[in-house]
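Asks: This is query_23.txt (compact mmCIF, C-alpha atoms).
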```
# COMPACT_ATOMS: atom_id res chain seq x y z
CA MET A 196 0.00 0.00 0.00
CA PRO A 197 1.44 3.42 -0.89
CA ALA A 198 2.17 5.83 1.92
CA PRO A 199 -0.70 8.24 2.62
CA PRO A 200 0.16 11.93 2.36
CA ALA A 201 1.61 13.45 5.52
CA GLY A 202 0.30 16.62 7.15
CA LEU A 203 -1.03 18.18 10.31
CA CYS A 204 -4.59 18.05 11.59
CA ASP A 205 -5.91 21.60 11.76
CA SER A 206 -7.46 20.95 15.14
CA CYS A 207 -5.28 18.67 17.22
CA ARG A 208 -1.96 19.39 15.48
CA HIS A 209 -1.12 15.71 15.48
CA GLN A 210 0.40 14.43 12.31
CA ARG A 211 -2.30 13.07 10.11
CA VAL A 212 0.00 10.26 9.12
CA VAL A 213 2.68 8.94 11.48
CA ARG A 214 5.20 6.16 10.89
CA ASN A 215 5.42 3.66 13.69
CA THR A 216 8.73 2.87 15.35
CA ARG A 217 9.62 0.31 12.67
CA GLY A 218 8.65 2.62 9.84
CA SER A 219 6.50 -0.10 8.32
CA SER A 220 2.97 1.27 8.79
CA PHE A 221 1.04 4.48 9.28
CA SER A 222 -1.71 5.84 11.50
CA LEU A 223 -4.27 8.63 11.51
CA CYS A 224 -5.61 10.87 14.25
CA GLU A 225 -9.35 10.54 14.98
CA ARG A 226 -10.32 13.71 13.13
CA SER A 227 -8.35 12.77 10.05
CA ARG A 228 -9.97 9.34 9.93
CA ARG A 229 -13.19 11.20 9.09
CA ASP A 230 -11.51 13.19 6.32
CA ASP A 231 -12.70 11.98 2.91
CA ARG A 232 -9.15 12.11 1.56
CA TYR A 233 -8.16 9.22 3.80
CA ALA A 234 -11.09 6.90 3.12
CA ARG A 235 -8.86 4.68 0.98
CA TYR A 236 -6.91 3.61 4.08
CA PRO A 237 -9.59 1.88 6.18
CA ARG A 238 -7.22 -0.45 8.03
CA LEU A 239 -4.84 2.16 9.36
CA PRO A 240 -4.77 2.39 13.17
CA VAL A 241 -6.26 5.52 14.74
CA VAL A 242 -4.38 7.45 17.40
CA SER A 243 -5.84 9.66 20.12
CA CYS A 244 -6.78 13.16 19.03
CA ALA A 245 -7.02 15.49 22.03
CA GLY A 246 -10.02 17.81 21.90
CA PHE A 247 -11.60 16.03 18.93
CA ALA A 248 -15.35 16.54 18.60
CA PRO A 249 -17.32 15.10 15.66
CA ARG A 250 -18.75 17.81 13.43
CA ARG A 251 -22.50 18.17 13.23
CA CYS A 252 -24.55 20.64 11.23
CA TRP A 253 -25.55 22.69 14.26
CA PRO A 254 -24.04 22.98 17.74
CA THR A 255 -25.94 21.22 20.53
CA THR A 256 -25.27 19.18 23.65
CA ASP A 257 -28.88 18.04 24.04
CA PRO A 258 -29.01 14.22 23.64
CA LEU A 259 -32.45 14.37 22.00
CA TYR A 260 -31.27 16.90 19.42
CA ILE A 261 -28.05 14.96 18.78
CA ALA A 262 -30.03 11.77 18.18
CA TYR A 263 -32.41 13.61 15.84
CA HIS A 264 -29.51 15.02 13.82
CA ASP A 265 -27.60 11.74 13.64
CA GLU A 266 -30.48 9.31 13.13
CA GLU A 267 -33.37 11.19 11.50
CA TRP A 268 -32.71 14.57 9.90
CA GLY A 269 -32.16 14.13 6.17
CA ARG A 270 -32.78 10.37 6.16
CA PRO A 271 -35.21 9.51 3.34
CA VAL A 272 -38.81 8.97 4.47
CA ARG A 273 -41.27 7.24 2.12
CA ASP A 274 -44.30 6.51 4.27
CA ASP A 275 -47.48 8.58 4.11
CA ALA A 276 -48.17 8.60 7.87
CA GLN A 277 -44.60 9.54 8.71
CA LEU A 278 -44.56 12.25 6.06
CA LEU A 279 -47.89 13.60 7.30
CA GLU A 280 -46.42 13.79 10.80
CA ARG A 281 -43.31 15.63 9.61
CA LEU A 282 -45.35 18.04 7.48
CA CYS A 283 -47.72 18.89 10.33
CA LEU A 284 -44.98 19.22 12.96
CA GLU A 285 -43.04 21.55 10.67
CA GLY A 286 -46.17 23.69 10.64
CA PHE A 287 -46.41 23.60 14.44
CA GLN A 288 -42.73 24.54 14.67
CA SER A 289 -43.20 27.89 12.93
CA GLY A 290 -42.11 30.57 15.39
CA LEU A 291 -40.61 28.02 17.80
CA SER A 292 -37.40 26.02 18.02
CA TRP A 293 -37.40 22.52 16.56
CA LEU A 294 -36.10 21.22 19.90
CA THR A 295 -39.35 22.39 21.49
CA ILE A 296 -41.27 20.26 18.99
CA LEU A 297 -39.00 17.27 19.55
CA ARG A 298 -39.65 17.39 23.27
CA LYS A 299 -43.40 17.38 22.63
CA ARG A 300 -43.38 14.92 19.73
CA GLU A 301 -44.40 11.80 21.65
CA ARG A 302 -47.39 13.62 23.10
CA PHE A 303 -48.31 14.89 19.63
CA ARG A 304 -48.25 11.29 18.41
CA GLU A 305 -50.46 10.11 21.26
CA LEU A 306 -53.06 12.83 20.78
CA PHE A 307 -53.05 12.91 16.97
CA GLU A 308 -53.72 9.20 16.45
CA GLY A 309 -50.12 8.44 15.51
CA PHE A 310 -50.73 10.66 12.47
CA ASP A 311 -52.56 7.79 10.83
CA PRO A 312 -54.51 9.72 8.18
CA GLN A 313 -57.69 7.65 8.44
CA ARG A 314 -58.00 7.96 12.21
CA LEU A 315 -56.77 11.54 12.37
CA ALA A 316 -59.20 12.76 9.72
CA ARG A 317 -62.13 11.61 11.90
CA LEU A 318 -61.40 14.16 14.64
CA GLY A 319 -64.04 16.88 14.94
CA VAL A 320 -64.80 20.14 16.70
CA ALA A 321 -65.04 18.54 20.15
CA ASP A 322 -61.64 16.96 19.63
CA VAL A 323 -60.13 20.31 18.66
CA ASP A 324 -61.53 21.82 21.86
CA ARG A 325 -60.06 18.94 23.86
CA LEU A 326 -56.66 19.29 22.21
CA MET A 327 -56.62 23.00 22.98
CA GLY A 328 -56.55 22.02 26.66
CA GLU A 329 -53.51 19.77 26.31
CA ALA A 330 -50.37 21.41 27.72
CA GLY A 331 -48.14 18.73 26.19
CA ILE A 332 -48.54 20.08 22.64
CA VAL A 333 -48.49 23.45 20.93
CA ARG A 334 -51.98 24.81 21.54
CA ASN A 335 -52.78 26.68 18.37
CA ARG A 336 -56.31 26.13 17.09
CA ALA A 337 -55.54 27.00 13.48
CA LYS A 338 -52.64 24.54 13.40
CA ILE A 339 -54.64 21.80 15.10
CA GLU A 340 -57.44 22.25 12.58
CA ALA A 341 -54.88 22.30 9.77
CA THR A 342 -53.43 18.99 10.96
CA ILE A 343 -56.85 17.34 10.76
CA ALA A 344 -57.44 18.91 7.34
CA ASN A 345 -54.05 17.64 6.18
CA ALA A 346 -55.02 14.12 7.15
CA GLY A 347 -58.17 14.51 5.05
CA ALA A 348 -56.12 15.82 2.13
CA THR A 349 -53.82 12.81 2.43
CA LEU A 350 -56.82 10.48 2.29
CA ALA A 351 -58.13 12.32 -0.77
CA LEU A 352 -54.82 11.70 -2.51
CA GLN A 353 -54.99 8.00 -1.67
CA GLU A 354 -58.58 7.71 -2.82
CA ALA A 355 -57.52 9.23 -6.14
CA GLY A 356 -54.85 6.54 -6.54
CA GLU A 357 -51.97 8.77 -5.45
CA THR A 358 -49.83 8.97 -2.32
CA LEU A 359 -48.41 11.79 -0.27
CA THR A 360 -45.05 10.09 -0.66
CA ASP A 361 -45.08 10.27 -4.45
CA LEU A 362 -46.39 13.83 -4.44
CA LEU A 363 -43.70 15.17 -2.10
CA TRP A 364 -40.84 13.28 -3.74
CA SER A 365 -41.88 14.53 -7.17
CA PHE A 366 -40.34 17.87 -6.14
CA ALA A 367 -36.89 16.43 -5.47
CA PRO A 368 -34.30 18.64 -7.20
CA GLY A 369 -31.37 17.41 -9.22
CA PRO A 370 -27.85 17.15 -7.78
CA GLN A 371 -27.05 20.02 -5.43
CA PRO A 372 -23.70 21.44 -4.30
CA VAL A 373 -22.55 20.30 -0.86
CA PRO A 374 -23.14 23.12 1.64
CA ARG A 375 -20.01 24.18 3.48
CA SER A 376 -21.94 25.61 6.43
CA LEU A 377 -25.48 26.44 7.53
CA ALA A 378 -25.01 29.87 5.96
CA ASP A 379 -25.04 28.15 2.55
CA LEU A 380 -28.51 26.67 3.08
CA PRO A 381 -31.50 28.40 1.48
CA SER A 382 -34.76 28.84 3.34
CA VAL A 383 -36.82 28.70 0.14
CA THR A 384 -36.16 27.18 -3.28
CA ALA A 385 -38.04 27.01 -6.57
CA GLU A 386 -38.94 23.41 -5.71
CA SER A 387 -40.26 24.29 -2.25
CA LYS A 388 -42.38 27.08 -3.74
CA ALA A 389 -43.84 24.64 -6.26
CA MET A 390 -44.41 22.02 -3.55
CA ALA A 391 -46.21 24.48 -1.28
CA ARG A 392 -48.36 25.69 -4.14
CA GLU A 393 -49.38 22.16 -5.12
CA LEU A 394 -50.04 21.09 -1.54
CA ARG A 395 -52.31 24.06 -0.99
CA ARG A 396 -54.12 23.23 -4.23
CA ARG A 397 -54.68 19.73 -2.86
CA GLY A 398 -56.20 21.06 0.37
CA PHE A 399 -53.20 21.06 2.70
CA ARG A 400 -52.76 23.95 5.16
CA PHE A 401 -49.82 25.65 6.88
CA VAL A 402 -47.46 24.65 4.08
CA GLY A 403 -45.74 27.79 2.85
CA PRO A 404 -42.48 27.63 0.85
CA THR A 405 -40.29 27.89 3.97
CA THR A 406 -42.14 25.09 5.75
CA ALA A 407 -42.00 23.03 2.55
CA TYR A 408 -38.23 23.41 2.32
CA ALA A 409 -37.75 22.53 5.99
CA LEU A 410 -39.79 19.40 5.26
CA MET A 411 -37.63 18.58 2.24
CA GLN A 412 -34.54 18.82 4.43
CA ALA A 413 -36.02 16.74 7.24
CA VAL A 414 -37.23 13.82 5.10
CA GLY A 415 -34.26 13.52 2.76
CA ILE A 416 -35.71 15.05 -0.38
CA VAL A 417 -32.55 17.13 -0.19
CA ASN A 418 -29.37 16.31 1.75
CA ASP A 419 -28.41 19.50 3.54
CA HIS A 420 -25.93 17.97 5.96
CA VAL A 421 -22.88 20.19 5.63
CA ALA A 422 -19.46 19.12 4.37
CA GLY A 423 -17.56 17.33 7.10
CA CYS A 424 -20.71 16.39 9.05
CA ILE A 425 -20.27 12.94 10.59
CA VAL A 426 -23.44 11.54 8.97
CA ARG A 427 -23.53 13.31 5.60
CA ALA A 428 -22.02 10.38 3.68
CA ALA A 429 -24.32 7.83 5.37
CA VAL A 430 -27.37 9.97 4.59
CA GLU A 431 -26.32 10.33 0.96
CA GLU A 432 -25.96 6.56 0.63
CA GLU A 433 -29.59 6.12 1.73
CA ARG A 434 -30.94 8.56 -0.81
CA PRO A 435 -32.32 7.33 -4.15
CA GLU A 436 -30.12 7.82 -7.16
CA GLY A 437 -30.81 10.47 -9.75
```
Turn this file's structure into C-alpha cells for me.
Replies:
Amino acid sequence: MPAPPAGLCDSCRHQRVVRNTRGSSFSLCERSRRDDRYARYPRLPVVSCAGFAPRRCWPTTDPLYIAYHDEEWGRPVRDDAQLLERLCLEGFQSGLSWLTILRKRERFRELFEGFDPQRLARLGVADVDRLMGEAGIVRNRAKIEATIANAGATLALQEAGETLTDLLWSFAPGPQPVPRSLADLPSVTAESKAMARELRRRGFRFVGPTTAYALMQAVGIVNDHVAGCIVRAAVEEERPEG
C-alpha cells in the first residue's frame, strides 16, 4: 500500500500520518480518519486526538437533538403517515425552536392518532376543543385544525390513486452542491415554492415555501448535511439515485 500523504490536523496538530517505530505502517488521528481524503486507508490504526469533537450541522449538547440530527434529519422517508407527521410538525414549529417540537413529539403522536390519516381525519370540533386544553402540545387552534385537514387531504390523494409520498418526492431537485456551512442553506427554493403551491391546491394547510423546504430537508428530499458532518455520507448513501 502506498504511503498516505503526511500533514497536520488543523485541530489537534497531530500528524495526520505517522510512521510507527519500525517505519512499516502508518496511523491517523481521529479527526483525520473522518476526512474523505483518507477513506482509501480503512485499516490504518487511529491514534488519540485530544479535543476532537465530531462535526455536526448545528451545535448542541442536548441528547435528544443529537439523536435527531444523527439518526433522523435528512434520512429519506417514504411513508405517508410519517410524512404527514413531519409536514404537520413543521407547521407547528413555525415561530418556535425545533427542539421544542421534539420534546413534545411523543405527546403529539399520542393525541393525533399516531398521524394515521384515516384515524386523524375523523377528529371533529369537540376533539379540537379537547386538544386546545392539552399542555403537552403546541396549543394553536388553526394549526390543530390544519393537521386534521391535512389528514383529510392525504386520504383524498390516496382515494384518487396517489400517495403523499409520491407527491412530495416529485419535487426532489437534481444534484445540489454540498453546503459548506449552515449559511449556505437556502430557506426557500423554486422546488419548495412549487411544492407548497401544489399542496395548498390539494387542500393542505400551513405549508408555505419555507415550511415546505424545511420538510424537504427533514425527510431527505434534499441532503443539507454540511461538508464534514459525521453523517452526511451515510445519509447520501440512503438517498435514491438520480
Asks: For the point (-53.7, 12.9, 7.5) in file coordinates, what residues are within 9 Å, counting only C-alpha atoms? Give the answer as a ChimeraX atom specification?
Replies: /A:275-276,279-280,283,310-316,342-350
Asks: Figure out the distance between CA of Lys299 in chain A and CA of Gly331 in chain A, please, to one decimal in Å.
Replies: 6.1 Å
Asks: Kindly indicate which residue among A:Glu301, A:Glu386, A:Glu329, A:Glu433 lies nearest to Gly369 in chain A, using all atoms listed in the file for the distances.
Replies: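 Closest to Gly369 in chain A, using all atoms listed in the file: A:Glu386.
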Asks: Tell me which protein, DNA and RNA residues are within 6 Å of range 398-405 of chain A, counting only C-alpha atoms, leaving out same-chain ones fewer than 6 positions away, and put them as a PyMOL selection string.
Replies: chain A and resi 286+341+345+348+382-383+387-388+391
Asks: CA of Leu259 in chain A and CA of Leu294 in chain A, how far apart in Å?
Replies: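 Going from CA of Leu294 in chain A over to CA of Leu259 in chain A, I get 8.0 Å.
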Asks: Could you pull the residues within 12 Å of Pro435 in chain A, counting all atoms listed in the file, minus those fewer than 2 positions along the same chain, as a ChimeraX atom specification?
Replies: /A:270-273,364,367-370,415-418,430-433,437
Asks: Which one of A:Arg325, A:Leu318, A:Val333, A:Leu278 sits closest to Ser292 in chain A if you count all atoms listed in the file?
Replies: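 Smallest separation from Ser292 in chain A among the options: A:Val333.
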Asks: Report, in Å to a single decimal, how far apart CA of Met411 in chain A and CA of Gly269 in chain A are.
Replies: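 Straight-line distance from CA of Gly269 in chain A to CA of Met411 in chain A works out to 8.1 Å.
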Asks: Can you pull out every residue within 9 Å of Val373 in chain A, counting all atoms listed in the file, but drop anything in the same chain fewer than 3 positions away, and send it as a list in words?
Replies: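 With the cut-off at 9 Å, the set is Asp379, Asn418, Asp419, His420, Val421 and Ala422 of chain A.
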